[in-house]
Amino acid sequence: MTSEILSIKGVSKRFGGLRALDDVNLGVRQGSVHAIIGPNGAGKSTLLNCLVGRITPDEGSVTFDGGSLLGHKPHQINQAGIARVFQTPEIFGELSVMENVMIPAFARKDGAFRINAWGRARERGEVRDEAEHILDDLNLWSQRDQIVNSMSRGDKRRLELAMCLVQHPKLLLLDEPTAGMSRADTNNTVDLLKKIAERGVTKVIIEHDMHVVFSLADKVSVMAQGTVIAEGTPEEIKASPKVQEAYLGGAHL
Amino acid sequence: MSQSVMTPDENLSKNMGRSPAEGHEPKGEGLRGFMSSSRSDYLLLAIFALAILTMPIWLAPIGAGYPDILQKFAIFGIFALGFNILFGFSGYLSFGHAAFLGTGSYAAVWMFKLLSMNAVIALVFAIVVAGVFALLIGYVSLRRSGIYFSILTLAFAQMSYNLAYSVLTPITNGETGLQVSGSDPRILDHMFGSPSGRGVPDFFGIELQGWPGFYFCAILLILAFFVTMRIRNSTFGLMLFAIKSNQNRMNYTGFATRPYLLAAFVISGMYAGLAGGLLAVTDPLAGADRMQWTASGEVVLMTILGGVGTLLGPVIGAAVMKYLEQIFSSFNEGVLHRTFDFLPHGLQEFMVTITSPFVGEGWQLTLGLLFMIVVIFLPGGIMEGVRRISHRFRRGRGETNAAPAHDGH
Ligand SMILES: Nc1ncnc2c1ncn2[C@@H]1O[C@H](COP(=O)(O)OP(=O)(O)OP(=O)(O)O)[C@@H](O)[C@H]1O
Ligand SMILES: [Mg+2]
């Protein structure tokens, strides 16, 4: 596989006595949707933490787009083209929806640090246009002036997705984007993610909802106890007795 | 999600129906009035300027219509405005800003001694020196956040205070304080043949004492207010508010947050330097007591009292505090006896006994009480009180949906 945009090799991470990640190997092809499934505590979020610079693995290497990600700060990794939707929304609760989306757009346009203490933020036309466009796309336009703390949980998740998408990332990491959503909201999010997939954004998605996984993913990795125990197309994973036993147990299918 | 994702065609038709520059008022309680229009900003600035310049008139009835106290309102207003850029906008609470106030004073007096009694030179130097000092302290203190940041700034300020009394006495003149004297070189003044013999700071010939002194400070306050307003509405300001709201998200969004914070720290240090310089302009003497932690605490109180993160709040908080200080510290037993004269003798004695600890030297007891009341009942400070009242007033007139609760001023 030559066109891997992300490759994780031999990554391990210990928290005290706990082996949260144990020699994880994973490759994500450019333009694909790669799902990671696995029981609670399998180390899925920890793996994403290693990718965005929240934690540094004890061993192993992580290469993205030809360069190593290890040793870089979270903002450098984002500037390199990786955006993440967190398991619990990380958004600017006291600011408006519009501001929440404009801020990442500014990061894209102005880089990690640039002081403009005079010009009015809202009058930066290109940034506003970008933000407005994405709000339209994600059906948040009517809520653009709302303070986000007062929004529903589903809307907050959608907003966080908008904040990532406005940056046009090369790689989008989604940690359970539909958790806590109603069936209707989940379906809408799936449609939305399919639509983004058409634009060729590579995605790694952690998801418990098998319906979501099997309707989106090109490839699925199954994690348990800190390692990848199986990998394959959704069909292969569905059929694998090993996965059935370790994780699915029949209950989810 | 309430609806399915729109098709591109739907987006297009929806986009055509609106102009991007449309002004919208935010709904709900936000950190800032980001969406305020530039027209309303300039209106606010005009009203602010008018109110400040006419203070001698409308503050006269409460006994504050004289230049000495009005000057203090303006100077500490500048100090609090700058402090609010750090604390109010970015959420980083510094307990050491008096260090920059003191530095500004020393720097200004040194300019008076060495170069000229011209206030402009002294103030520029005060701002620069305080800014450089803030860069050093901020660089180290911002390695930590939250309470550790606060402690670091406090430690640095106390170190500066102690140094001013010990190692640095050649620069600070120790406990006596730094003063101007007739034998100062004042190179520029002598060169241009305008030695101000009286040692009074001036603005190109206008001696800055009494009313000219007040108006000089007032104009600088209005300028400082304008700059703060621009910063607040700027991209930089937005980034500071975003850091306050969720610094983690800022990092994962691609921002190096520390340089932004350092910039805010230095800017607020420069405001403090300007305020310290003005203290020296209105009274050319600098002492280390200006750097003490109580002075750092004072600006925190002013900002909280007025309203953290608001534009007007810190200025109002500073004025209220300086006014109360003036009033209550000047009260003594005699005044109290006269105040309670109308009561029967026994009751009068009783009232004097229980109120006397709150006045004179003990005025800070009053301040403490006031502060507690504000923090408990009006956590948003005086500005929140104003907002609540105006909101109720509007509602009373039946304009329930007319304006948002939060207008950010
Ligand atoms: N910073 C940390 N310090 C200590 N232990 C941690 C830390 N982060 C994760 N862990 C532990 O590592 C293990 C893996 O956690 P992780 O959050 O990666 O699981 P997950 O697969 O995302 O599970 P879930 O489906 O519940 O989100 C858990 O046992 C967790 O308690
Ligand atoms: Mg998780």
# chains A, B, ... in the order shown; residues from 1 in each chain; ligands from 1
>>> residues_near_ligand(ligand="ligand 2", cutoff="7 Å", atoms="only C-alpha atoms and all ligand atoms", output="number ranges by chain")
A: 44-45, 87, 175
>>> write_last_selection(atoms="C-alpha atoms", output="CSV table (one decimal), in the first residue's frame")
chain,number,residue,atom,x,y,z
A,44,LYS,CA,-9.2,3.7,20.8
A,45,SER,CA,-9.3,7.3,22.2
A,87,GLN,CA,-15.5,12.1,22.3
A,175,ASP,CA,-14.2,10.0,18.1
>>> residues_near_ligand(ligand="ligand 1", cutoff="10 Å", atoms="only C-alpha atoms and all ligand atoms", output="NGL selection string")
:A and (13-21 or 36-49 or 54-55 or 87-88 or 175-176 or 206-208 or 223-226)
>>> closest_residue(among="A:Gly119, A:Gly232, A:Gly10, A:Gly154", to="Val227 of chain B", atoms="only C-alpha atoms")
A:Gly119
>>> select_by_dssp(residues="segment 5-155 of chain A", states="alpha helix (DSSP H)", output="ChimeraX atom specification")
/A:44-52,74-79,97-110,125-137,153-155
>>> closest_residue(among="A:Ile147, A:Ala121, A:Ala112, A:Ile82", to="Arg232 of chain B", atoms="only C-alpha atoms")
A:Ala121
>>> atom_distance(atom1="atom CA of Val266 of chain B", atom2="atom CA of Arg114 of chain A")
15.3 Å
>>> closest_residue(among="B:Arg39, B:Arg258, B:Arg395, B:Arg198", to="chain A", atoms="only C-alpha atoms")
B:Arg258
>>> residues_around(residues="Ser105 of chain B", least_positions_apart="3", cutoff="7 Å", atoms="only C-alpha atoms", output="NGL selection string")
:B and (101-102 or 108-109 or 126 or 276-277 or 279-280 or 286)
>>> closest_residue(among="B:Gly82, B:Gly396, B:Gly313, B:Gly177", to="Gly287 of chain B", atoms="only C-alpha atoms")
B:Gly177
>>> residues_around(residues="Ser3 of chain A", least_positions_apart="3", cutoff="10 Å", atoms="only C-alpha atoms", output="compact mmCIF listing (two decimals) with N, CA and C atoms, in the first residue's frame")
# COMPACT_ATOMS: atom_id res chain seq x y z
N LEU A 6 -1.50 7.93 6.58
CA LEU A 6 -1.15 7.79 8.00
C LEU A 6 -0.69 6.37 8.25
N GLY A 27 -2.61 1.25 9.23
CA GLY A 27 -2.33 2.11 8.08
C GLY A 27 -3.62 2.63 7.51
N VAL A 28 -3.65 3.92 7.21
CA VAL A 28 -4.86 4.51 6.65
C VAL A 28 -4.56 5.01 5.25
N ARG A 29 -5.34 4.50 4.29
CA ARG A 29 -5.11 4.89 2.91
C ARG A 29 -5.67 6.27 2.62
N GLN A 30 -4.98 6.99 1.79
CA GLN A 30 -5.41 8.32 1.34
C GLN A 30 -6.83 8.25 0.78
N GLY A 31 -7.70 9.12 1.29
CA GLY A 31 -9.06 9.20 0.76
C GLY A 31 -10.03 8.17 1.29
N ASP A 65 1.57 11.87 6.13
CA ASP A 65 1.88 12.68 4.96
C ASP A 65 3.40 12.83 4.77
>>> residues_around(residues="Lys203 of chain A", least_positions_apart="5", cutoff="10 Å", atoms="only C-alpha atoms", output="PyMOL selection string")
chain A and resi 28-35+82-84+169-174+193+196-197+217
